[in-house]
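Student: You'll find target-v9.cif just under this line, and it carries mmCIF, C-alpha atoms and all ligand atoms.
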data_coords
loop_
_atom_site.label_atom_id
_atom_site.label_comp_id
_atom_site.auth_asym_id
_atom_site.auth_seq_id
_atom_site.Cartn_x
_atom_site.Cartn_y
_atom_site.Cartn_z
CA MET G 21 22.42 55.19 100.52
CA GLU G 22 21.32 58.78 99.82
CA ARG G 23 24.92 59.76 99.18
CA PHE G 24 25.31 56.81 96.84
CA GLU G 25 22.22 57.91 94.88
CA LYS G 26 23.58 61.49 94.69
CA MET G 27 26.92 60.25 93.38
CA GLU G 28 25.10 58.09 90.85
CA ASN G 29 23.09 61.12 89.68
CA ILE G 30 26.20 63.25 89.29
CA LYS G 31 27.94 60.46 87.36
CA HIS G 32 24.83 60.07 85.22
CA LYS G 33 24.74 63.81 84.44
CA ILE G 34 28.45 63.91 83.54
CA SER G 35 28.02 60.86 81.35
CA TRP G 36 25.05 62.42 79.53
CA SER G 37 26.84 65.75 79.03
CA ILE G 38 29.86 63.98 77.54
CA GLY G 39 27.44 61.88 75.48
CA ALA G 40 25.70 64.97 74.05
CA VAL G 41 29.02 66.52 73.01
CA LEU G 42 30.15 63.23 71.45
CA CYS G 43 26.84 62.92 69.57
CA ALA G 44 27.39 66.35 68.02
CA ILE G 45 30.96 65.45 67.03
CA PHE G 46 29.98 62.03 65.65
CA TYR G 47 27.08 63.48 63.70
CA TYR G 48 28.41 66.74 62.33
CA CYS G 49 31.84 65.34 61.42
CA GLY G 50 30.24 62.49 59.48
CA ILE G 51 31.72 59.83 61.78
CA ILE G 52 28.30 58.29 62.24
CA TRP G 53 27.82 57.98 58.49
CA VAL G 54 31.15 56.14 58.15
CA TYR G 55 30.39 53.94 61.19
CA THR G 56 26.96 52.98 59.84
CA PHE G 57 28.35 52.33 56.36
CA VAL G 58 31.07 50.01 57.71
CA GLN G 59 28.64 48.15 59.99
CA LYS G 60 25.94 47.71 57.39
CA ARG G 61 27.71 47.38 54.07
CA ILE G 62 31.11 45.94 54.98
CA LEU G 63 30.57 43.94 58.18
CA LYS G 64 26.93 43.19 57.21
CA LYS G 65 25.84 43.78 60.79
CA SER G 66 22.40 45.04 61.70
CA ARG G 67 20.98 45.92 65.07
CA THR G 68 17.88 44.95 66.99
CA VAL G 69 16.99 47.47 69.62
CA VAL G 70 14.23 48.01 72.15
CA LEU G 71 13.61 51.68 72.90
CA MET G 72 12.42 52.64 76.38
CA TYR G 73 10.30 55.73 76.86
CA HIS G 74 8.40 56.97 79.91
CA ARG G 75 6.59 60.24 79.24
CA VAL G 76 5.74 62.23 76.11
CA GLY G 77 4.60 65.85 76.41
CA ASP G 78 5.67 69.45 76.36
CA ASP G 79 5.97 69.97 80.12
CA ILE G 80 9.58 68.79 80.08
CA ALA G 81 10.57 70.55 83.32
CA LYS G 82 8.12 68.45 85.35
CA ASP G 83 10.02 65.20 84.72
CA SER G 84 12.94 66.27 82.58
CA GLU G 85 14.91 63.02 82.84
CA ILE G 86 12.12 60.90 81.39
CA THR G 87 10.01 63.19 79.18
CA VAL G 88 10.28 63.54 75.40
CA SER G 89 8.55 66.53 73.79
CA ASN G 90 5.70 65.97 71.34
CA ALA G 91 7.71 67.44 68.46
CA ASN G 92 10.81 65.32 69.17
CA PHE G 93 8.73 62.17 69.61
CA ASP G 94 6.96 62.84 66.30
CA GLU G 95 10.30 63.30 64.50
CA GLN G 96 11.71 60.16 66.10
CA MET G 97 8.71 58.04 65.07
CA LYS G 98 8.80 59.43 61.54
CA PHE G 99 12.48 58.52 61.30
CA LEU G 100 11.80 54.98 62.58
CA LYS G 101 8.93 54.54 60.14
CA ASN G 102 11.15 55.52 57.21
CA LYS G 103 14.37 53.76 58.18
CA PHE G 104 13.59 50.68 60.29
CA LYS G 105 11.34 47.69 60.64
CA VAL G 106 9.33 48.47 63.77
CA ILE G 107 8.04 45.26 65.35
CA ASP G 108 5.84 44.30 68.30
CA LEU G 109 7.15 42.33 71.28
CA ASP G 110 5.76 39.00 70.03
CA SER G 111 7.81 39.28 66.82
CA LEU G 112 10.84 40.41 68.81
CA ILE G 113 10.75 37.49 71.23
CA ASP G 114 9.91 34.93 68.53
CA GLY G 115 12.83 36.22 66.47
CA ILE G 116 15.44 35.90 69.24
CA GLY G 117 15.38 32.11 69.21
CA LYS G 118 15.47 31.77 65.44
CA GLU G 119 18.49 31.24 63.25
CA SER G 120 17.07 33.27 60.39
CA ASP G 121 17.61 36.94 59.81
CA SER G 122 14.09 37.78 60.93
CA LEU G 123 15.29 40.25 63.55
CA SER G 124 17.71 42.27 61.48
CA ALA G 125 17.46 46.04 61.77
CA SER G 126 14.37 45.84 63.95
CA ILE G 127 13.16 48.25 66.57
CA ALA G 128 10.57 47.72 69.30
CA ILE G 129 9.06 50.65 71.20
CA THR G 130 8.24 50.38 74.91
CA PHE G 131 6.96 52.71 77.64
CA ASP G 132 7.33 52.14 81.38
CA ASP G 133 4.89 53.14 84.17
CA GLY G 134 1.74 53.83 82.09
CA TYR G 135 1.57 57.62 82.24
CA LYS G 136 -1.63 59.23 80.93
CA ASP G 137 0.40 61.19 78.38
CA ASN G 138 1.14 57.89 76.64
CA TYR G 139 -2.51 57.98 75.57
CA GLU G 140 -2.90 61.73 75.13
CA ASN G 141 0.37 62.49 73.34
CA ALA G 142 2.29 59.38 72.24
CA TYR G 143 -0.61 57.26 71.02
CA PRO G 144 -1.89 59.73 68.35
CA ILE G 145 1.66 59.93 66.94
CA LEU G 146 2.08 56.15 66.98
CA ARG G 147 -1.28 55.90 65.17
CA LYS G 148 -0.22 58.49 62.62
CA TYR G 149 2.78 56.37 61.62
CA GLN G 150 1.01 53.05 62.32
CA LEU G 151 3.70 51.86 64.69
CA PRO G 152 3.22 49.14 67.33
CA ALA G 153 4.34 49.74 70.92
CA ALA G 154 4.04 48.17 74.37
CA ILE G 155 3.29 49.85 77.69
CA PHE G 156 4.31 48.32 81.04
CA LEU G 157 1.63 49.03 83.65
CA VAL G 158 1.76 49.15 87.42
CA SER G 159 -1.51 47.32 88.02
CA ARG G 160 -2.62 48.96 91.29
CA LEU G 161 -1.91 52.47 90.03
CA ILE G 162 -4.26 52.25 87.03
CA GLY G 163 -6.73 55.13 87.09
CA ASN G 164 -5.48 56.13 90.53
CA ASN G 165 -4.78 59.78 89.84
CA GLY G 166 -4.73 62.19 86.92
CA GLU G 167 -1.20 61.17 85.97
CA ILE G 168 -1.74 57.49 85.16
CA LEU G 169 -3.72 55.78 82.38
CA ASN G 170 -7.23 54.64 83.21
CA LEU G 171 -8.87 51.46 81.99
CA GLU G 172 -10.89 53.18 79.28
CA GLU G 173 -7.73 54.62 77.70
CA ILE G 174 -5.97 51.27 77.99
CA ASN G 175 -8.88 49.48 76.31
CA ILE G 176 -8.91 51.90 73.38
CA MET G 177 -5.16 51.42 72.83
CA LYS G 178 -5.17 47.65 73.24
CA ASP G 179 -7.44 47.33 70.19
CA ASN G 180 -5.11 49.56 68.18
CA ASN G 181 -1.66 48.03 68.04
CA ILE G 182 -0.58 48.76 71.64
CA ASP G 183 0.33 45.78 73.81
CA PHE G 184 0.47 45.86 77.61
CA GLY G 185 2.89 44.21 80.00
CA SER G 186 3.34 44.18 83.76
CA HIS G 187 5.54 46.54 85.75
CA THR G 188 4.46 44.97 89.10
CA LEU G 189 1.61 45.77 91.49
CA SER G 190 3.11 48.84 93.12
CA HIS G 191 6.50 49.63 91.53
CA LYS G 192 8.59 48.34 94.45
CA ILE G 193 12.26 47.59 93.85
CA LEU G 194 12.13 43.80 93.71
CA ALA G 195 15.67 43.15 94.99
CA ASP G 196 14.96 45.26 98.09
CA ILE G 197 11.86 43.42 99.31
CA GLY G 198 11.74 39.78 100.41
CA ILE G 199 11.40 37.16 97.70
CA ASP G 200 7.85 36.30 98.85
CA ASP G 201 6.74 39.91 98.38
CA ALA G 202 8.63 40.11 95.10
CA ARG G 203 6.92 36.95 93.86
CA LYS G 204 3.54 38.47 94.75
CA GLU G 205 4.35 41.70 92.87
CA VAL G 206 5.31 39.67 89.81
CA THR G 207 2.56 37.04 89.88
CA SER G 208 -0.46 38.95 91.15
CA SER G 209 0.11 41.87 88.76
CA LYS G 210 0.03 39.42 85.84
CA VAL G 211 -3.27 37.95 87.06
CA GLU G 212 -4.84 41.35 87.86
CA LEU G 213 -3.84 42.89 84.54
CA ALA G 214 -5.08 39.85 82.60
CA GLN G 215 -8.45 40.20 84.32
CA LEU G 216 -8.67 43.95 83.80
CA LEU G 217 -7.62 43.83 80.14
CA ASP G 218 -9.16 40.46 79.31
CA ARG G 219 -5.90 39.52 77.63
CA GLU G 220 -2.87 37.39 78.43
CA ILE G 221 0.02 39.40 79.91
CA LYS G 222 3.18 37.97 78.41
CA TYR G 223 5.91 40.49 79.19
CA PHE G 224 7.39 42.08 82.29
CA ALA G 225 9.61 45.09 83.01
CA TYR G 226 11.60 45.34 86.27
CA PRO G 227 10.97 48.58 88.25
CA LYS G 228 14.05 50.83 88.01
CA GLY G 229 15.48 47.90 86.06
CA LYS G 230 19.23 48.13 86.64
CA LYS G 231 21.11 44.94 87.58
CA ARG G 232 21.08 45.88 91.26
CA HIS G 233 17.27 46.29 91.26
CA PHE G 234 16.53 42.63 90.56
CA ASN G 235 18.38 39.38 91.22
CA GLU G 236 18.42 35.74 90.14
CA GLN G 237 15.62 34.80 92.55
CA VAL G 238 13.45 37.59 91.18
CA LYS G 239 14.24 36.52 87.62
CA LEU G 240 13.23 32.97 88.47
CA ALA G 241 9.95 34.26 89.94
CA VAL G 242 9.25 36.08 86.68
CA LYS G 243 9.89 32.87 84.70
CA GLU G 244 7.76 30.78 87.06
CA ALA G 245 4.89 33.27 86.85
CA GLY G 246 4.61 32.36 83.16
CA TYR G 247 5.96 35.48 81.46
CA LYS G 248 7.62 34.93 78.08
CA ALA G 249 10.27 37.62 78.58
CA ALA G 250 11.36 40.47 80.86
CA PHE G 251 13.04 43.81 80.22
CA SER G 252 15.65 45.63 82.26
CA THR G 253 16.78 49.24 81.89
CA GLU G 254 20.39 48.22 81.29
CA ASN G 255 21.70 49.86 78.16
CA GLY G 256 22.25 47.66 75.14
CA GLU G 257 20.87 45.91 72.11
CA ILE G 258 19.18 42.56 71.56
CA THR G 259 21.59 39.85 70.51
CA ARG G 260 20.93 36.33 69.32
CA GLY G 261 20.96 33.94 72.25
CA CYS G 262 20.59 36.71 74.86
CA ASP G 263 18.78 36.04 78.14
CA VAL G 264 15.10 36.79 77.42
CA PHE G 265 14.47 37.46 81.11
CA GLU G 266 17.02 40.25 81.17
CA LEU G 267 16.58 42.07 77.88
CA LYS G 268 18.43 45.33 77.50
CA ARG G 269 16.92 48.53 76.16
CA ILE G 270 18.03 51.98 75.12
CA GLY G 271 16.56 54.70 77.33
CA MET G 272 15.12 57.66 75.45
CA ARG G 273 15.35 61.25 76.60
CA ASN G 274 14.30 64.50 74.98
CA TYR G 275 16.74 64.05 72.12
CA PRO G 276 16.81 66.26 69.06
CA LEU G 277 16.80 64.09 65.93
CA PHE G 278 20.57 64.06 65.39
CA VAL G 279 21.16 62.62 68.89
CA PHE G 280 18.43 60.04 68.27
CA LYS G 281 20.15 58.99 65.04
CA VAL G 282 23.49 58.64 66.80
CA ARG G 283 21.88 56.59 69.60
CA LEU G 284 20.31 54.27 67.05
CA SER G 285 23.56 53.82 65.11
CA GLY G 286 24.93 51.64 67.91
CA ILE G 287 28.21 53.50 68.24
CA PHE G 288 27.64 53.89 71.99
CA GLU G 289 27.13 50.15 72.32
CA SER G 290 30.31 49.27 70.42
CA LYS G 291 33.06 47.39 72.29
CA LEU G 292 35.46 50.30 72.06
CA PHE G 293 32.94 52.65 73.60
CA TYR G 294 32.14 50.26 76.49
CA PHE G 295 35.87 50.05 77.20
CA VAL G 296 36.21 53.85 77.36
CA ARG G 297 33.14 54.20 79.60
CA LYS G 298 34.42 51.50 81.93
CA LYS G 299 37.79 53.18 82.19
CA LEU G 300 36.11 56.49 82.99
CA LYS G 301 33.80 54.65 85.42
CA LEU G 302 30.76 56.08 83.66
CA THR G 303 28.93 52.79 83.16
ZN ZN E 1 9.08 52.23 86.25
#
Represent the structure contained in this file as structure tokens.
Tutor:
Amino acid sequence: MERFEKMENIKHKISWSIGAVLCAIFYYCGIIWVYTFVQKRILKKSRTVVLMYHRVGDDIAKDSEITVSNANFDEQMKFLKNKFKVIDLDSLIDGIGKESDSLSASIAITFDDGYKDNYENAYPILRKYQLPAAIFLVSRLIGNNGEILNLEEINIMKDNNIDFGSHTLSHKILADIGIDDARKEVTSSKVELAQLLDREIKYFAYPKGKKRHFNEQVKLAVKEAGYKAAFSTENGEITRGCDVFELKRIGMRNYPLFVFKVRLSGIFESKLFYFVRKKLKLT
């Protein structure tokens, strides 16, 4: 298992290094401009994407895989504010079932785990640009140590455009524990968070969130618990008619703005690109 995880990490690193080089080529050779022009103006396609963040702050080295610096996050939010319709999760989920074009070129912003820096660093920037976001909380970790949001911080944000969802009771990998324990993680966290926040908890995010970290039984438990939708960490965009209990997101890292723009263009989610990644076994 440990060896498998190591191999996965190496693959992940190679894939990201290739990705960074490709981003530079796509951006600085103008490929991204052509791609966006063709998608938008000729094919009339627009994308709906859910961004997934974890931490925002300047101590990148501490958690380099999942931290975005304050300056990069500010630039990214400014870009979203100017170029996209940023929507909350209610609008996103309501839009998926509708025939109309209500979802076109929309972005939703999410954070997993409920780190304290979401309040200290991300929230002031979100406020500055008046952008909605959602944070998925691990209910039994709230206020537990200096790293995780406390209830006071959560309450301030919940009245100011930040929604909260469940990320289980204790961040266990739901496919690895028995279904009874998984059901408890899913159901009890919803109840506990609703009591703590005095608000209905409508959305769920699977811990770790790749396909292998949850299964059909777990998905059914999430539905039966009364959630309206659930998010994975599988890479991809929101499409009409997609499974709302397995919504894909695009994971955010400490990208400079040009990489962010390339990620948002959708070129990495195009069919051709999936084919290449599959062939190189980098998916
Ligand atoms: Zn998590």
Student: Nearest to ligand ZN 1 (chain E): which of G:Ser252, G:Asn175, G:Ser111, G:Asn138 is it, counting all atoms listed in the file?
Tutor: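 Ranking G:Ser252, G:Asn175, G:Ser111, G:Asn138 by distance to ligand ZN 1 (chain E), first place goes to G:Ser252.
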Student: Using all atoms listed in the file, list the residues that have an atom at most 12 Å from (4.8, 52.5, 84.0), coordinates as in the file, as a count of residues only.
Tutor: 41
Student: Give me the residues near range 141-152 of chain G as number ranges by chain, where near means some atom within 12 Å (using all atoms listed in the file) and where sequence neighbours in that chain fewer than 5 positions away do not count.
Tutor: G: 73-79, 87-102, 104-112, 127-131, 134-136, 169, 173-174, 176-184
Student: Identify which of the residues G:Leu63, G:Glu266, G:Glu289, G:Ile221 lies closest to His233 in chain G, counting only C-alpha atoms when measuring atom-to-atom distances.
Tutor: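 Closest residue, counting only C-alpha atoms: G:Glu266.
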Student: What does the distance from CA of Gly286 in chain G to CA of Asn255 in chain G come to in Å, to one decimal?
Tutor: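 These atoms are spaced 10.9 Å apart.
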Student: Which residues are close to Tyr247 in chain G, i.e. within 9 Å by all atoms listed in the file, leaving aside same-chain residues fewer than 3 positions away? Reply as a ChimeraX atom specification.
Tutor: /G:210,221-224,242-244,250,265
Student: I need the residue nearest ligand ZN 1 (chain E) from this list: G:Lys268, G:Lys231, G:Ile193, G:Leu300. Use all atoms listed in the file for the distance.
Tutor: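 Among G:Lys268, G:Lys231, G:Ile193, G:Leu300, it is G:Ile193 that comes nearest to ligand ZN 1 (chain E).
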Student: May I ask which of the residues G:Ala125, G:Ala153, G:Ile199, G:Val238 is the closest one to Arg67 in chain G, counting only C-alpha atoms?
Tutor: G:Ala125
Student: Give, as JSON, the centre coordinates and the x, y and z edge lengths in Å to one decimal for an axis-aligned box around all listed atoms of range 141-157 of chain G, padded by 3 Å on each side.
Tutor:
{"center_x": 1.2, "center_y": 55.3, "center_z": 72.6, "size_x": 12.2, "size_y": 20.3, "size_z": 28.0}
Student: Which one of G:Gly166, G:Gly271, G:Gly50, G:Gly198 sits closest to ligand ZN 1 (chain E) if you count only C-alpha atoms and all ligand atoms?
Tutor: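 Counting only C-alpha atoms and all ligand atoms, the residue closest to ligand ZN 1 (chain E) is G:Gly271.
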Student: What gap, in Å, lies between CA of Leu216 in chain G and CA of Asn164 in chain G?
Tutor: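 The value is 14.3 Å.
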Student: So what do you get for CA of His32 in chain G versus CA of Leu194 in chain G, distance-wise?
Tutor: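 For CA of His32 in chain G relative to CA of Leu194 in chain G, the distance reads 22.3 Å.
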Student: Excluding Phe46 in chain G and residues on its chain fewer than 6 positions from it, collect all residues at most 9 Å away from it, counting only C-alpha atoms, and give them as an MDAnalysis selection string.
Tutor: chainID G and resid 52:53 282
Student: The residues within 12 Å of (19.1, 40.4, 71.1), using all atoms listed in the file and the coordinates of the file, should be reported as a count of residues only; which are they?
Tutor: 36
Student: For range 142-153 of chain G, supply all heavy atoms and format the output as a PDB file, keeping the file's coordinate frame.
Tutor:
ATOM      1  N   ALA G 142       1.513  60.353  73.038  1.00  0.00           N
ATOM      2  CA  ALA G 142       2.290  59.380  72.240  1.00  0.00           C
ATOM      3  C   ALA G 142       1.395  58.587  71.296  1.00  0.00           C
ATOM      4  O   ALA G 142       1.745  58.384  70.125  1.00  0.00           O
ATOM      5  CB  ALA G 142       3.041  58.426  73.174  1.00  0.00           C
ATOM      6  N   TYR G 143       0.258  58.147  71.800  1.00  0.00           N
ATOM      7  CA  TYR G 143      -0.610  57.260  71.020  1.00  0.00           C
ATOM      8  C   TYR G 143      -1.068  57.880  69.693  1.00  0.00           C
ATOM      9  O   TYR G 143      -0.996  57.199  68.649  1.00  0.00           O
ATOM     10  CB  TYR G 143      -1.791  56.846  71.916  1.00  0.00           C
ATOM     11  CG  TYR G 143      -2.863  56.048  71.237  1.00  0.00           C
ATOM     12  CD1 TYR G 143      -2.582  54.808  70.663  1.00  0.00           C
ATOM     13  CD2 TYR G 143      -4.173  56.523  71.179  1.00  0.00           C
ATOM     14  CE1 TYR G 143      -3.578  54.079  70.043  1.00  0.00           C
ATOM     15  CE2 TYR G 143      -5.177  55.802  70.571  1.00  0.00           C
ATOM     16  CZ  TYR G 143      -4.868  54.570  69.997  1.00  0.00           C
ATOM     17  OH  TYR G 143      -5.862  53.854  69.380  1.00  0.00           O
ATOM     18  N   PRO G 144      -1.506  59.153  69.649  1.00  0.00           N
ATOM     19  CA  PRO G 144      -1.890  59.730  68.350  1.00  0.00           C
ATOM     20  C   PRO G 144      -0.729  59.727  67.346  1.00  0.00           C
ATOM     21  O   PRO G 144      -0.935  59.529  66.150  1.00  0.00           O
ATOM     22  CB  PRO G 144      -2.296  61.169  68.693  1.00  0.00           C
ATOM     23  CG  PRO G 144      -2.626  61.143  70.145  1.00  0.00           C
ATOM     24  CD  PRO G 144      -1.747  60.095  70.755  1.00  0.00           C
ATOM     25  N   ILE G 145       0.491  59.920  67.834  1.00  0.00           N
ATOM     26  CA  ILE G 145       1.660  59.930  66.940  1.00  0.00           C
ATOM     27  C   ILE G 145       1.963  58.505  66.459  1.00  0.00           C
ATOM     28  O   ILE G 145       2.250  58.281  65.282  1.00  0.00           O
ATOM     29  CB  ILE G 145       2.878  60.581  67.647  1.00  0.00           C
ATOM     30  CG1 ILE G 145       2.559  62.054  67.939  1.00  0.00           C
ATOM     31  CG2 ILE G 145       4.151  60.460  66.803  1.00  0.00           C
ATOM     32  CD1 ILE G 145       3.535  62.751  68.871  1.00  0.00           C
ATOM     33  N   LEU G 146       1.866  57.551  67.367  1.00  0.00           N
ATOM     34  CA  LEU G 146       2.080  56.150  66.980  1.00  0.00           C
ATOM     35  C   LEU G 146       1.042  55.732  65.929  1.00  0.00           C
ATOM     36  O   LEU G 146       1.338  55.031  64.975  1.00  0.00           O
ATOM     37  CB  LEU G 146       1.979  55.237  68.211  1.00  0.00           C
ATOM     38  CG  LEU G 146       3.130  55.371  69.219  1.00  0.00           C
ATOM     39  CD1 LEU G 146       2.760  54.724  70.549  1.00  0.00           C
ATOM     40  CD2 LEU G 146       4.417  54.743  68.679  1.00  0.00           C
ATOM     41  N   ARG G 147      -0.195  56.199  66.123  1.00  0.00           N
ATOM     42  CA  ARG G 147      -1.280  55.900  65.170  1.00  0.00           C
ATOM     43  C   ARG G 147      -0.986  56.522  63.809  1.00  0.00           C
ATOM     44  O   ARG G 147      -1.195  55.912  62.769  1.00  0.00           O
ATOM     45  CB  ARG G 147      -2.607  56.474  65.678  1.00  0.00           C
ATOM     46  CG  ARG G 147      -3.180  55.755  66.859  1.00  0.00           C
ATOM     47  CD  ARG G 147      -4.158  54.683  66.482  1.00  0.00           C
ATOM     48  NE  ARG G 147      -5.430  55.215  66.010  1.00  0.00           N
ATOM     49  CZ  ARG G 147      -6.346  54.479  65.424  1.00  0.00           C
ATOM     50  NH1 ARG G 147      -6.126  53.206  65.196  1.00  0.00           N
ATOM     51  NH2 ARG G 147      -7.500  55.020  65.055  1.00  0.00           N
ATOM     52  N   LYS G 148      -0.516  57.772  63.864  1.00  0.00           N
ATOM     53  CA  LYS G 148      -0.220  58.490  62.620  1.00  0.00           C
ATOM     54  C   LYS G 148       0.767  57.714  61.748  1.00  0.00           C
ATOM     55  O   LYS G 148       0.608  57.636  60.541  1.00  0.00           O
ATOM     56  CB  LYS G 148       0.375  59.865  63.000  1.00  0.00           C
ATOM     57  CG  LYS G 148       0.731  60.752  61.839  1.00  0.00           C
ATOM     58  CD  LYS G 148       0.919  62.194  62.341  1.00  0.00           C
ATOM     59  CE  LYS G 148       2.259  62.749  61.992  1.00  0.00           C
ATOM     60  NZ  LYS G 148       2.527  64.044  62.602  1.00  0.00           N
ATOM     61  N   TYR G 149       1.782  57.115  62.377  1.00  0.00           N
ATOM     62  CA  TYR G 149       2.780  56.370  61.620  1.00  0.00           C
ATOM     63  C   TYR G 149       2.517  54.857  61.630  1.00  0.00           C
ATOM     64  O   TYR G 149       3.340  54.077  61.150  1.00  0.00           O
ATOM     65  CB  TYR G 149       4.187  56.675  62.156  1.00  0.00           C
ATOM     66  CG  TYR G 149       4.545  58.135  62.014  1.00  0.00           C
ATOM     67  CD1 TYR G 149       4.670  58.958  63.127  1.00  0.00           C
ATOM     68  CD2 TYR G 149       4.710  58.699  60.746  1.00  0.00           C
ATOM     69  CE1 TYR G 149       4.968  60.317  62.990  1.00  0.00           C
ATOM     70  CE2 TYR G 149       5.011  60.046  60.612  1.00  0.00           C
ATOM     71  CZ  TYR G 149       5.132  60.853  61.732  1.00  0.00           C
ATOM     72  OH  TYR G 149       5.422  62.188  61.589  1.00  0.00           O
ATOM     73  N   GLN G 150       1.410  54.471  62.222  1.00  0.00           N
ATOM     74  CA  GLN G 150       1.010  53.050  62.320  1.00  0.00           C
ATOM     75  C   GLN G 150       2.123  52.177  62.893  1.00  0.00           C
ATOM     76  O   GLN G 150       2.533  51.175  62.293  1.00  0.00           O
ATOM     77  CB  GLN G 150       0.595  52.534  60.937  1.00  0.00           C
ATOM     78  CG  GLN G 150      -0.658  53.232  60.444  1.00  0.00           C
ATOM     79  CD  GLN G 150      -1.002  52.807  59.036  1.00  0.00           C
ATOM     80  OE1 GLN G 150      -0.167  52.904  58.131  1.00  0.00           O
ATOM     81  NE2 GLN G 150      -2.218  52.343  58.839  1.00  0.00           N
ATOM     82  N   LEU G 151       2.615  52.584  64.044  1.00  0.00           N
ATOM     83  CA  LEU G 151       3.700  51.860  64.690  1.00  0.00           C
ATOM     84  C   LEU G 151       3.183  51.119  65.934  1.00  0.00           C
ATOM     85  O   LEU G 151       2.426  51.686  66.723  1.00  0.00           O
ATOM     86  CB  LEU G 151       4.810  52.825  65.119  1.00  0.00           C
ATOM     87  CG  LEU G 151       5.507  53.578  63.979  1.00  0.00           C
ATOM     88  CD1 LEU G 151       6.458  54.636  64.537  1.00  0.00           C
ATOM     89  CD2 LEU G 151       6.265  52.610  63.077  1.00  0.00           C
ATOM     90  N   PRO G 152       3.605  49.864  66.109  1.00  0.00           N
ATOM     91  CA  PRO G 152       3.220  49.140  67.330  1.00  0.00           C
ATOM     92  C   PRO G 152       4.083  49.576  68.515  1.00  0.00           C
ATOM     93  O   PRO G 152       5.206  50.040  68.323  1.00  0.00           O
ATOM     94  CB  PRO G 152       3.508  47.682  66.969  1.00  0.00           C
ATOM     95  CG  PRO G 152       4.618  47.757  65.979  1.00  0.00           C
ATOM     96  CD  PRO G 152       4.442  49.051  65.212  1.00  0.00           C
ATOM     97  N   ALA G 153       3.552  49.432  69.712  1.00  0.00           N
ATOM     98  CA  ALA G 153       4.340  49.740  70.920  1.00  0.00           C
ATOM     99  C   ALA G 153       3.783  48.917  72.071  1.00  0.00           C
ATOM    100  O   ALA G 153       2.698  48.324  71.961  1.00  0.00           O
ATOM    101  CB  ALA G 153       4.260  51.229  71.238  1.00  0.00           C
TER     102      ALA G 153
END
